[in-house]
file target-v1.txt (compact mmCIF, C-alpha atoms and all ligand atoms)
# COMPACT_ATOMS: atom_id res chain seq x y z
CA MET A 245 -106.80 -166.63 48.75
CA VAL A 246 -106.43 -163.23 47.14
CA ASP A 247 -109.36 -162.40 44.89
CA PRO A 248 -107.93 -162.41 41.35
CA ASN A 249 -110.53 -159.86 40.29
CA GLU A 250 -109.17 -157.44 42.83
CA TRP A 251 -105.77 -157.72 41.17
CA GLU A 252 -107.29 -157.33 37.76
CA SER A 253 -109.04 -154.04 38.51
CA THR A 254 -105.90 -152.46 40.01
CA TYR A 255 -103.96 -153.94 37.13
CA ARG A 256 -106.19 -152.23 34.57
CA GLU A 257 -105.71 -148.87 36.29
CA LEU A 258 -101.96 -149.35 36.48
CA ARG A 259 -101.74 -150.47 32.88
CA ALA A 260 -103.67 -147.43 31.67
CA ARG A 261 -101.48 -145.08 33.74
CA LEU A 262 -98.25 -146.65 32.48
CA GLU A 263 -99.41 -146.65 28.88
CA ALA A 264 -100.27 -142.98 29.17
CA HIS A 265 -96.59 -142.49 30.03
CA GLY A 266 -95.50 -144.48 26.99
CA VAL A 267 -94.61 -147.74 28.75
CA ASP A 268 -95.03 -150.93 26.72
CA VAL A 269 -96.64 -152.99 29.48
CA ASP A 270 -96.62 -156.27 27.57
CA TRP A 271 -92.90 -155.87 27.06
CA VAL A 272 -92.34 -155.29 30.79
CA GLU A 273 -94.40 -158.38 31.62
CA GLU A 274 -92.46 -160.46 29.12
CA LYS A 275 -89.17 -159.26 30.57
CA VAL A 276 -90.02 -159.89 34.22
CA MET A 277 -91.24 -163.38 33.47
CA ASN A 278 -88.10 -164.17 31.48
CA LEU A 279 -85.92 -163.25 34.42
CA ALA A 280 -83.94 -166.11 35.95
CA VAL A 281 -82.85 -165.98 39.58
CA GLU A 282 -80.66 -168.84 40.76
CA THR A 283 -81.22 -170.08 44.29
CA PRO A 284 -78.36 -171.47 46.43
CA SER A 285 -78.53 -175.07 47.65
CA TRP A 286 -77.14 -173.95 51.00
CA GLY A 287 -80.04 -171.54 51.50
CA TYR A 288 -82.36 -174.54 51.99
CA GLY A 289 -80.32 -176.10 54.80
CA ASP A 290 -79.98 -175.16 58.45
CA SER A 291 -77.98 -172.04 59.12
CA GLY A 292 -77.16 -169.62 61.88
CA THR A 293 -74.34 -167.51 63.18
CA ARG A 294 -71.18 -168.44 65.04
CA PHE A 295 -73.35 -168.34 68.15
CA LYS A 296 -75.94 -170.88 67.16
CA VAL A 297 -77.18 -172.83 64.17
CA PHE A 298 -80.93 -173.28 64.48
CA HIS A 299 -82.61 -176.41 63.27
CA GLN A 300 -85.79 -176.13 61.25
CA PRO A 301 -88.12 -179.08 60.81
CA GLY A 302 -88.30 -180.50 57.31
CA VAL A 303 -84.96 -179.14 56.05
CA PRO A 304 -83.30 -181.28 53.38
CA ARG A 305 -80.83 -183.95 54.38
CA ASN A 306 -79.02 -184.08 51.09
CA VAL A 307 -78.64 -182.25 47.83
CA PHE A 308 -81.45 -184.21 46.17
CA GLU A 309 -83.92 -182.94 48.74
CA LYS A 310 -82.51 -179.42 48.39
CA PHE A 311 -83.37 -179.57 44.70
CA GLU A 312 -86.88 -180.77 45.54
CA ASP A 313 -87.37 -177.65 47.66
CA ALA A 314 -85.88 -175.47 44.96
CA ALA A 315 -88.35 -176.99 42.51
CA GLN A 316 -91.19 -175.63 44.63
CA VAL A 317 -89.73 -172.14 44.37
CA HIS A 318 -89.48 -172.46 40.62
CA LYS A 319 -92.89 -174.04 40.22
CA LEU A 320 -94.60 -171.18 42.06
CA THR A 321 -92.58 -168.21 40.80
CA GLY A 322 -91.66 -169.47 37.33
CA ILE A 323 -88.33 -167.65 37.46
CA ALA A 324 -85.95 -169.77 39.58
CA PRO A 325 -84.86 -172.47 37.14
CA SER A 326 -81.38 -173.26 38.47
CA VAL A 327 -79.65 -174.07 41.74
CA ALA A 328 -76.07 -173.26 42.72
CA ILE A 329 -74.17 -176.04 44.44
CA HIS A 330 -71.35 -175.91 46.98
CA ILE A 331 -68.66 -178.60 47.03
CA PRO A 332 -68.19 -180.66 49.18
CA TRP A 333 -71.48 -179.79 50.93
CA ASP A 334 -73.34 -181.10 47.88
CA LYS A 335 -70.88 -183.75 46.84
CA VAL A 336 -72.44 -186.96 45.50
CA ASP A 337 -70.95 -190.10 44.00
CA ASP A 338 -72.88 -189.69 40.80
CA PHE A 339 -73.25 -186.15 39.50
CA ASN A 340 -74.97 -187.44 36.43
CA ALA A 341 -77.76 -188.64 38.72
CA LEU A 342 -77.96 -185.17 40.24
CA LYS A 343 -78.15 -183.61 36.80
CA LYS A 344 -80.96 -185.99 35.90
CA HIS A 345 -82.77 -185.40 39.20
CA ALA A 346 -82.63 -181.65 38.52
CA ALA A 347 -83.97 -182.10 35.00
CA ASP A 348 -86.81 -184.32 36.24
CA LEU A 349 -87.80 -181.50 38.59
CA GLY A 350 -87.68 -178.92 35.80
CA LEU A 351 -84.42 -177.48 37.10
CA ARG A 352 -80.77 -177.41 36.17
CA VAL A 353 -77.57 -177.19 38.15
CA GLY A 354 -76.18 -173.66 38.22
CA ALA A 355 -72.91 -172.27 39.51
CA VAL A 356 -70.42 -174.59 41.16
CA ASN A 357 -68.84 -173.12 44.30
CA PRO A 358 -65.65 -174.55 45.80
CA ASN A 359 -65.13 -174.64 49.54
CA LEU A 360 -61.71 -173.32 50.46
CA PHE A 361 -62.45 -172.34 54.03
CA GLN A 362 -63.66 -175.31 56.08
CA ASP A 363 -60.62 -177.53 56.29
CA ASP A 364 -58.00 -177.43 59.04
CA ASP A 365 -55.35 -177.22 56.33
CA TYR A 366 -56.72 -173.80 55.37
CA LYS A 367 -56.12 -172.19 58.75
CA PHE A 368 -53.41 -170.00 57.20
CA GLY A 369 -54.96 -169.79 53.76
CA SER A 370 -55.76 -172.02 50.83
CA VAL A 371 -54.17 -170.85 47.57
CA THR A 372 -52.09 -168.29 49.47
CA ASN A 373 -50.85 -170.71 52.12
CA THR A 374 -47.08 -170.69 52.66
CA ASP A 375 -47.19 -174.48 52.45
CA ALA A 376 -46.98 -175.61 48.82
CA ARG A 377 -48.81 -178.83 49.69
CA VAL A 378 -51.87 -176.88 50.88
CA ARG A 379 -51.78 -174.60 47.84
CA ARG A 380 -51.75 -177.71 45.67
CA LYS A 381 -54.67 -179.18 47.59
CA ALA A 382 -56.70 -176.00 47.07
CA VAL A 383 -55.98 -175.99 43.33
CA GLU A 384 -56.86 -179.68 43.07
CA HIS A 385 -60.16 -178.95 44.78
CA MET A 386 -60.95 -176.20 42.27
CA LEU A 387 -60.01 -178.47 39.39
CA GLU A 388 -62.37 -181.06 40.83
CA CYS A 389 -65.12 -178.40 40.87
CA VAL A 390 -64.48 -177.60 37.21
CA GLU A 391 -64.83 -181.32 36.43
CA ILE A 392 -68.10 -181.42 38.36
CA ALA A 393 -69.32 -178.35 36.49
CA LYS A 394 -68.58 -180.13 33.21
CA GLU A 395 -70.47 -183.20 34.37
CA VAL A 396 -73.60 -181.31 35.38
CA ASP A 397 -73.45 -179.02 32.32
CA SER A 398 -72.82 -175.93 34.40
CA LYS A 399 -71.21 -172.98 32.68
CA LEU A 400 -70.20 -171.13 35.80
CA PHE A 401 -67.44 -171.66 38.33
CA THR A 402 -67.60 -169.19 41.21
CA PRO A 403 -64.65 -169.24 43.60
CA TRP A 404 -64.63 -167.24 46.82
CA PHE A 405 -61.51 -167.15 48.97
CA ALA A 406 -61.46 -166.73 52.72
CA ASP A 407 -57.70 -166.24 52.39
CA GLY A 408 -56.26 -163.37 54.34
CA THR A 409 -54.38 -162.51 57.51
CA ASN A 410 -55.46 -161.40 60.96
CA TYR A 411 -52.39 -159.40 62.01
CA PRO A 412 -50.00 -156.91 60.48
CA GLY A 413 -46.83 -158.61 59.34
CA GLN A 414 -48.44 -162.04 59.25
CA GLY A 415 -48.15 -162.47 55.49
CA HIS A 416 -46.28 -161.08 52.50
CA PHE A 417 -48.89 -159.34 50.38
CA ARG A 418 -47.18 -159.45 46.98
CA THR A 419 -46.14 -163.07 47.31
CA ARG A 420 -49.68 -164.01 48.25
CA LEU A 421 -51.08 -162.12 45.28
CA ALA A 422 -48.70 -164.02 42.99
CA TRP A 423 -49.82 -167.33 44.51
CA MET A 424 -53.46 -166.34 44.00
CA LEU A 425 -52.84 -165.59 40.34
CA GLU A 426 -50.81 -168.76 39.85
CA ALA A 427 -53.62 -170.91 41.28
CA LEU A 428 -56.37 -169.21 39.31
CA THR A 429 -54.35 -169.42 36.09
CA GLU A 430 -54.08 -173.18 36.39
CA VAL A 431 -57.83 -173.49 37.01
CA TYR A 432 -58.72 -171.04 34.25
CA GLU A 433 -56.69 -173.00 31.76
CA ALA A 434 -58.47 -176.21 32.75
CA MET A 435 -61.89 -174.73 32.06
CA PRO A 436 -63.64 -175.64 28.80
CA GLU A 437 -64.22 -172.87 26.25
CA HIS A 438 -67.80 -172.16 27.29
CA MET A 439 -67.13 -171.89 31.02
CA ILE A 440 -66.96 -168.62 32.93
CA MET A 441 -65.03 -168.08 36.14
CA ALA A 442 -66.65 -165.41 38.31
CA ILE A 443 -64.32 -164.33 41.10
CA GLU A 444 -66.06 -163.14 44.25
CA TYR A 445 -64.50 -160.51 46.48
CA LYS A 446 -65.13 -159.69 50.10
CA PHE A 447 -63.39 -157.03 52.14
CA PHE A 448 -63.19 -158.82 55.49
CA GLU A 449 -64.27 -161.92 57.41
CA PRO A 450 -63.11 -164.47 58.27
CA ALA A 451 -59.80 -162.59 57.93
CA PHE A 452 -59.73 -159.40 59.95
CA TYR A 453 -56.58 -157.58 58.95
CA HIS A 454 -56.31 -158.11 55.21
CA THR A 455 -58.09 -160.28 52.66
CA ASP A 456 -56.40 -161.46 49.48
CA VAL A 457 -59.33 -160.62 47.18
CA PRO A 458 -60.91 -157.77 49.12
CA ASP A 459 -62.57 -155.67 46.45
CA TRP A 460 -63.77 -155.46 42.85
CA GLY A 461 -60.48 -153.84 41.82
CA THR A 462 -58.43 -156.84 42.89
CA SER A 463 -60.93 -159.25 41.38
CA TYR A 464 -60.90 -157.21 38.16
CA LEU A 465 -57.09 -157.16 38.14
CA LEU A 466 -56.99 -160.95 38.38
CA CYS A 467 -59.59 -161.21 35.60
CA THR A 468 -57.59 -159.05 33.22
CA LYS A 469 -54.57 -161.29 33.75
CA LEU A 470 -56.56 -164.48 33.31
CA GLY A 471 -58.53 -163.78 30.16
CA PRO A 472 -61.96 -162.78 28.84
CA ARG A 473 -63.83 -165.65 30.49
CA ALA A 474 -62.84 -164.44 33.95
CA LYS A 475 -65.38 -162.05 35.45
CA VAL A 476 -66.17 -160.35 38.72
CA LEU A 477 -68.86 -161.62 41.06
CA VAL A 478 -70.56 -158.95 43.17
CA ASP A 479 -72.00 -160.10 46.50
CA LEU A 480 -74.08 -157.26 47.92
CA GLY A 481 -72.88 -157.97 51.46
CA HIS A 482 -69.18 -157.74 50.69
CA HIS A 483 -68.43 -154.02 50.73
CA PRO A 484 -67.65 -151.49 53.40
CA LEU A 485 -70.79 -149.60 54.41
CA ALA A 486 -71.67 -146.65 52.17
CA THR A 487 -69.93 -148.09 49.11
CA ASN A 488 -71.76 -147.10 45.93
CA ILE A 489 -72.36 -150.57 44.51
CA ALA A 490 -74.39 -149.24 41.57
CA TYR A 491 -71.30 -147.41 40.35
CA ILE A 492 -69.15 -150.54 40.65
CA VAL A 493 -71.77 -152.42 38.65
CA ALA A 494 -71.78 -149.79 35.91
CA THR A 495 -67.99 -149.84 35.70
CA LEU A 496 -67.87 -153.62 35.41
CA LEU A 497 -70.62 -153.58 32.78
CA ALA A 498 -68.69 -151.03 30.75
CA GLU A 499 -65.62 -153.24 30.95
CA GLU A 500 -67.59 -156.44 30.15
CA ARG A 501 -66.40 -157.96 33.40
CA LEU A 502 -69.58 -158.32 35.39
CA GLY A 503 -70.05 -162.06 35.84
CA GLY A 504 -72.95 -162.06 38.22
CA PHE A 505 -74.42 -161.33 41.59
CA HIS A 506 -74.84 -162.89 44.95
CA PHE A 507 -77.97 -161.10 46.03
CA ASN A 508 -78.68 -160.51 49.69
CA SER A 509 -79.08 -157.55 51.99
CA ARG A 510 -77.32 -156.24 55.03
CA LYS A 511 -77.46 -153.61 57.69
CA TYR A 512 -73.97 -154.00 59.12
CA ALA A 513 -71.65 -156.51 57.42
CA ASP A 514 -72.16 -159.76 55.50
CA ASP A 515 -75.55 -160.30 57.11
CA ASP A 516 -77.04 -162.43 54.29
CA LEU A 517 -80.53 -161.03 54.87
CA THR A 518 -83.34 -161.11 52.33
CA VAL A 519 -82.41 -159.16 49.21
CA GLY A 520 -83.99 -155.72 49.21
CA SER A 521 -85.02 -155.90 52.86
CA ILE A 522 -82.82 -153.19 54.33
CA ASP A 523 -82.32 -150.74 51.47
CA PRO A 524 -84.69 -151.40 48.57
CA TYR A 525 -83.68 -148.14 46.91
CA GLU A 526 -80.04 -149.24 46.74
CA LEU A 527 -81.15 -152.46 45.05
CA PHE A 528 -83.27 -150.46 42.63
CA LEU A 529 -80.33 -148.20 41.73
CA ILE A 530 -78.23 -151.28 41.03
CA TYR A 531 -80.98 -152.70 38.83
CA ASN A 532 -81.27 -149.38 37.10
CA GLU A 533 -77.67 -149.78 35.91
CA LEU A 534 -78.32 -153.37 34.89
CA VAL A 535 -81.39 -152.53 32.83
CA ASP A 536 -79.63 -149.57 31.28
CA ALA A 537 -76.88 -151.90 30.05
CA GLU A 538 -79.28 -154.68 29.11
CA LEU A 539 -81.14 -152.32 26.79
CA ASP A 540 -77.95 -150.89 25.29
CA PRO A 541 -77.23 -152.77 22.05
CA ASN A 542 -73.54 -151.92 22.44
CA VAL A 543 -73.14 -153.80 25.71
CA PRO A 544 -72.95 -157.61 25.61
CA PHE A 545 -75.07 -158.64 28.56
CA HIS A 546 -74.60 -162.01 30.31
CA VAL A 547 -75.09 -161.52 34.01
CA ALA A 548 -75.93 -164.41 36.35
CA TYR A 549 -78.41 -163.46 39.04
CA MET A 550 -77.90 -165.64 42.08
CA LEU A 551 -79.06 -165.46 45.67
CA ASP A 552 -76.56 -166.01 48.47
CA GLN A 553 -78.54 -165.87 51.66
CA SER A 554 -78.95 -167.86 54.84
CA HIS A 555 -82.40 -167.64 56.30
CA ASN A 556 -81.51 -168.19 59.92
CA ILE A 557 -84.88 -167.30 61.41
CA LYS A 558 -87.20 -167.33 58.40
CA PRO A 559 -88.78 -170.51 57.07
CA LYS A 560 -86.39 -171.57 54.27
CA ILE A 561 -88.62 -172.10 51.27
CA GLU A 562 -90.88 -169.15 52.03
CA ALA A 563 -87.82 -166.92 52.43
CA MET A 564 -86.52 -168.11 49.08
CA ILE A 565 -89.83 -167.33 47.38
CA GLN A 566 -89.89 -163.90 49.01
CA SER A 567 -86.32 -163.22 47.82
CA VAL A 568 -86.91 -164.29 44.24
CA LEU A 569 -89.99 -162.07 44.10
CA SER A 570 -88.09 -159.16 45.61
CA VAL A 571 -85.54 -159.34 42.78
CA GLN A 572 -88.32 -159.57 40.20
CA GLU A 573 -90.17 -156.61 41.67
CA THR A 574 -87.04 -154.48 41.62
CA TYR A 575 -86.33 -155.48 38.04
CA ALA A 576 -89.88 -154.51 37.06
CA ARG A 577 -89.44 -151.07 38.60
CA ALA A 578 -86.13 -150.54 36.85
CA LEU A 579 -87.78 -151.46 33.56
CA LEU A 580 -90.28 -148.65 34.12
CA VAL A 581 -87.61 -145.94 34.18
CA ASP A 582 -88.21 -143.52 31.33
CA ARG A 583 -84.70 -143.75 29.88
CA GLU A 584 -85.18 -141.11 27.23
CA ALA A 585 -86.43 -138.60 29.78
CA LEU A 586 -83.56 -139.53 32.06
CA ALA A 587 -80.97 -139.08 29.31
CA ARG A 588 -82.43 -135.68 28.37
CA ALA A 589 -82.45 -134.51 31.97
CA GLN A 590 -78.87 -135.71 32.44
CA ASN A 591 -77.63 -133.98 29.29
CA GLU A 592 -79.34 -130.73 30.22
CA ASN A 593 -78.17 -130.93 33.83
CA ARG A 594 -81.73 -130.88 35.14
CA VAL A 595 -80.72 -132.58 38.36
CA ILE A 596 -84.13 -132.67 40.01
CA ASP A 597 -85.87 -133.99 36.90
CA ALA A 598 -83.28 -136.75 36.50
CA GLU A 599 -83.68 -137.86 40.08
CA MET A 600 -87.48 -137.64 39.88
CA THR A 601 -87.45 -139.89 36.82
CA LEU A 602 -85.84 -142.60 38.91
CA ARG A 603 -88.06 -141.99 41.90
CA ARG A 604 -91.23 -142.19 39.83
CA ALA A 605 -90.32 -145.70 38.71
CA PHE A 606 -89.13 -146.72 42.15
CA TRP A 607 -92.36 -145.66 43.84
CA THR A 608 -94.62 -147.41 41.35
CA ASP A 609 -96.42 -150.35 42.91
CA VAL A 610 -95.78 -153.08 40.36
CA GLN A 611 -97.55 -155.83 42.30
CA PRO A 612 -100.69 -155.85 40.12
CA LEU A 613 -98.54 -156.06 36.99
CA LEU A 614 -96.59 -159.02 38.37
CA ALA A 615 -99.75 -160.73 39.56
CA HIS A 616 -101.31 -160.34 36.14
CA ALA A 617 -98.19 -161.57 34.34
CA ARG A 618 -98.12 -164.66 36.56
CA ALA A 619 -101.82 -165.41 36.19
CA GLU A 620 -101.55 -165.12 32.44
CA ARG A 621 -98.85 -167.78 32.47
CA GLY A 622 -100.74 -170.16 34.70
CA LEU A 623 -98.73 -169.32 37.79
CA PRO A 624 -100.24 -168.43 41.16
CA VAL A 625 -101.03 -164.75 41.58
CA ASN A 626 -99.48 -164.86 45.05
CA PRO A 627 -96.71 -167.51 45.13
CA LEU A 628 -96.04 -167.17 48.84
CA LEU A 629 -99.66 -167.78 49.72
CA ALA A 630 -99.84 -170.61 47.21
CA TYR A 631 -96.87 -172.24 48.93
CA ARG A 632 -98.51 -171.93 52.33
CA GLU A 633 -101.65 -173.52 50.98
CA SER A 634 -99.88 -176.26 49.03
CA GLY A 635 -99.27 -178.58 52.00
CA TYR A 636 -95.65 -179.10 50.87
CA GLN A 637 -94.20 -177.81 54.13
CA ARG A 638 -96.35 -180.17 56.22
CA LYS A 639 -95.34 -183.01 53.96
CA ILE A 640 -91.59 -182.50 54.27
CA GLU A 641 -91.83 -181.94 58.01
CA LYS A 642 -93.54 -185.31 58.33
CA GLU A 643 -91.38 -187.18 55.86
CA ARG A 644 -87.93 -185.85 56.59
CA VAL A 645 -87.26 -187.50 59.90
CA GLY A 646 -84.04 -189.30 60.60
CA GLY A 647 -80.85 -188.64 58.72
CA LYS A 648 -78.69 -185.61 59.20
CA PRO A 649 -80.16 -182.23 58.26
CA ALA A 650 -77.94 -180.37 55.81
CA GLY A 651 -76.35 -177.21 57.09
CA TRP A 652 -73.36 -175.50 58.57
CA ALA A 653 -71.14 -177.62 60.78
C1 LIG B 701 -69.07 -166.19 51.81
C2 LIG B 701 -69.37 -165.87 50.37
C3 LIG B 701 -69.57 -167.09 49.52
C4 LIG B 701 -70.38 -168.15 50.18
C5 LIG B 701 -69.87 -168.42 51.58
C6 LIG B 701 -70.68 -169.48 52.28
O1 LIG B 701 -69.25 -165.07 52.62
O2 LIG B 701 -70.48 -165.03 50.27
O3 LIG B 701 -70.21 -166.75 48.32
O4 LIG B 701 -70.25 -169.32 49.42
O5 LIG B 701 -69.88 -167.22 52.32
MN MN B 702 -71.43 -164.78 48.29
MN MN B 703 -70.98 -163.61 51.96
call {"tool": "encode", "arguments": {"input": "target-v1.txt", "output": "structure tokens", "more": "lines below"}}
Ligand code: RM4
Ligand code: MN
Ligand code: MN
result
Amino acid sequence: MVDPNEWESTYRELRARLEAHGVDVDWVEEKVMNLAVETPSWGYGDSGTRFKVFHQPGVPRNVFEKFEDAAQVHKLTGIAPSVAIHIPWDKVDDFNALKKHAADLGLRVGAVNPNLFQDDDYKFGSVTNTDARVRRKAVEHMLECVEIAKEVDSKLFTPWFADGTNYPGQGHFRTRLAWMLEALTEVYEAMPEHMIMAIEYKFFEPAFYHTDVPDWGTSYLLCTKLGPRAKVLVDLGHHPLATNIAYIVATLLAEERLGGFHFNSRKYADDDLTVGSIDPYELFLIYNELVDAELDPNVPFHVAYMLDQSHNIKPKIEAMIQSVLSVQETYARALLVDREALARAQNENRVIDAEMTLRRAFWTDVQPLLAHARAERGLPVNPLLAYRESGYQRKIEKERVGGKPAGWA
């Protein structure tokens, strides 16, 4: 176990250094511990690629067990209080029982995700299918998800569409766009007043020629036609390489249309790797925009932070803890940015100074600060280590035999 005194001495040095630069350390600690990162139910089940889905011992066999695993992540990090569900993967007869189960574990049900891509009927699209019967089926499924969201007290409906075409000429773009809007309008109108629809975009895959909601612009366009409770959902793996996601985030914040994130990381395409693993600086620059808006009294700020990852070769629960902490660490660094110095440098066109202001925060090791903030709140200084020492993994590996492991298939 890490010696807590070791953390404390580095913490004292860090605190003194930050305070000398005018940082309110208590405020930063408060902020990072008030962060909420939603974990995805599907991140606890077996996953893989189209080549192979690997089985891991102890993975949940149903949504109730997924929530039990998620409760471990929340118990040890203190900042993962909700779990996104995917329908029908997580479909149960009694959603009230699921809501209660979540509450008993200290959790709540988060975003409700429809599944419009794993049915033979959707081979040529769901809401953009030329067959009116299939379009109806897709809308009915989304309406069902809205009902489920109401039942579990979720305020967020997050559709993602695999709809698209594989070959030029295969589909009529404008007709499909009209069908998309028609379907979403019906669902939007069925949502209760407090519910938000966050529309996720993705530029390719599974469709390889065109996708019906390929980018933030299309998602934004749909939102403006739907109404103020329609927002854009940014999944970090859903852009062409080299896209400046931080700029997209800033634009959506300015327009009050940023609904939330699906955090993950990628090297090539929609790789669903651990958030911050490939380009931590990119993640930091995104968080820099978020914090900038969060601290701006003129910007209403309601952004849902969610993970969307599949840990194909990492142990599931450990990977989830690592991911939640990665988001928290990045947030902490973004909170350290000297915003007044940055604004001055920007206004005076001192390019190097502006950039250095960001880099100073980015290169600060915030680990001791996070460790201290956790310890002060009765949480383990090192959640990953605490998980390994808890015996929970051994327990589920022994207990969860028989039944069908949850996962892709
Ligand atoms: C998609 C997208 C969705 C997720 C599915 C499983 O690429 O990221 O958010 O629900 O994968
Ligand atoms: Mn996603
Ligand atoms: Mn994805």
call {"tool": "closest_atom_pairs", "arguments": {"input": "target-v1.txt", "of": "chain A", "to": "ligand LIG 701 (chain B)", "cutoff": "8 Å", "atoms": "only C-alpha atoms and all ligand atoms", "output": "JSON lines"}}
result
{"residue": "A:Trp286", "atom": "CA", "partner": "B:LIG701", "partner_atom": "C6", "distance": 8.0}
{"residue": "A:His330", "atom": "CA", "partner": "B:LIG701", "partner_atom": "O4", "distance": 7.1}
{"residue": "A:Asn357", "atom": "CA", "partner": "B:LIG701", "partner_atom": "O4", "distance": 6.5}
{"residue": "A:Pro358", "atom": "CA", "partner": "B:LIG701", "partner_atom": "O4", "distance": 7.8}
{"residue": "A:Asn359", "atom": "CA", "partner": "B:LIG701", "partner_atom": "O4", "distance": 7.4}
{"residue": "A:Thr402", "atom": "CA", "partner": "B:LIG701", "partner_atom": "O3", "distance": 8.0}
{"residue": "A:Pro403", "atom": "CA", "partner": "B:LIG701", "partner_atom": "O3", "distance": 7.7}
{"residue": "A:Trp404", "atom": "CA", "partner": "B:LIG701", "partner_atom": "C3", "distance": 5.6}
{"residue": "A:Ala406", "atom": "CA", "partner": "B:LIG701", "partner_atom": "C1", "distance": 7.7}
{"residue": "A:Glu444", "atom": "CA", "partner": "B:LIG701", "partner_atom": "O3", "distance": 6.8}
{"residue": "A:Lys446", "atom": "CA", "partner": "B:LIG701", "partner_atom": "O1", "distance": 7.2}
{"residue": "A:Glu449", "atom": "CA", "partner": "B:LIG701", "partner_atom": "O1", "distance": 7.6}
{"residue": "A:Asp479", "atom": "CA", "partner": "B:LIG701", "partner_atom": "O2", "distance": 6.4}
{"residue": "A:Gly481", "atom": "CA", "partner": "B:LIG701", "partner_atom": "O2", "distance": 7.6}
{"residue": "A:His482", "atom": "CA", "partner": "B:LIG701", "partner_atom": "O2", "distance": 7.4}
{"residue": "A:His506", "atom": "CA", "partner": "B:LIG701", "partner_atom": "O3", "distance": 6.9}
{"residue": "A:Asp514", "atom": "CA", "partner": "B:LIG701", "partner_atom": "O1", "distance": 6.7}
{"residue": "A:Asp552", "atom": "CA", "partner": "B:LIG701", "partner_atom": "O3", "distance": 6.4}
call {"tool": "residues_around", "arguments": {"input": "target-v1.txt", "residues": "Pro627 of chain A", "least_positions_apart": "3", "cutoff": "6 Å", "atoms": "all atoms listed in the file", "output": "PDB file with C-alpha atoms, in the frame of the given file"}}
result
ATOM      1  CA  LEU A 320     -94.600-171.180  42.060  1.00  0.00           C
ATOM      2  CA  PRO A 624    -100.240-168.430  41.160  1.00  0.00           C
ATOM      3  CA  ALA A 630     -99.840-170.610  47.210  1.00  0.00           C
TER       4      ALA A 630
END
call {"tool": "atom_distance", "arguments": {"input": "target-v1.txt", "atom1": "atom CA of Glu273 of chain A", "atom2": "atom CA of Val543 of chain A"}}
result
22.5 Å
call {"tool": "closest_residue", "arguments": {"input": "target-v1.txt", "among": "A:Glu433, A:Glu533, A:Asp365, A:Glu584", "to": "Val390 of chain A", "atoms": "only C-alpha atoms"}}
result
A:Glu433
call {"tool": "closest_residue", "arguments": {"input": "target-v1.txt", "among": "A:Gln300, A:Thr495, A:Ser370, A:Ser398", "to": "Phe339 of chain A", "atoms": "all atoms listed in the file"}}
result
A:Ser398
call {"tool": "closest_residue", "arguments": {"input": "target-v1.txt", "among": "A:Val581, A:Cys467, A:Ile522, A:Ala328", "to": "ligand MN 702 (chain B)", "atoms": "all atoms listed in the file"}}
result
A:Ala328
call {"tool": "closest_residue", "arguments": {"input": "target-v1.txt", "among": "A:Gly354, A:Gly504, A:Pro436, A:Gly635", "to": "ligand MN 702 (chain B)", "atoms": "only C-alpha atoms and all ligand atoms"}}
result
A:Gly504
call {"tool": "closest_residue", "arguments": {"input": "target-v1.txt", "among": "A:Asp338, A:Asp516, A:Glu282, A:Glu562", "to": "ligand MN 702 (chain B)", "atoms": "all atoms listed in the file"}}
result
A:Asp516
call {"tool": "atom_distance", "arguments": {"input": "target-v1.txt", "atom1": "atom CA of Arg603 of chain A", "atom2": "atom CA of Ala264 of chain A"}}
result
17.7 Å
call {"tool": "closest_residue", "arguments": {"input": "target-v1.txt", "among": "A:Glu391, A:Val476, A:Ala548, A:Leu539", "to": "Val327 of chain A", "atoms": "all atoms listed in the file"}}
result
A:Ala548
call {"tool": "residues_around", "arguments": {"input": "target-v1.txt", "residues": "Thr429 of chain A", "least_positions_apart": "4", "cutoff": "9 Å", "atoms": "all atoms listed in the file", "output": "PyMOL selection string"}}
result
chain A and resi 424-425+433-434+469-470
call {"tool": "atom_distance", "arguments": {"input": "target-v1.txt", "atom1": "atom CA of Thr487 of chain A", "atom2": "atom CA of Ala513 of chain A"}}
result
12.0 Å
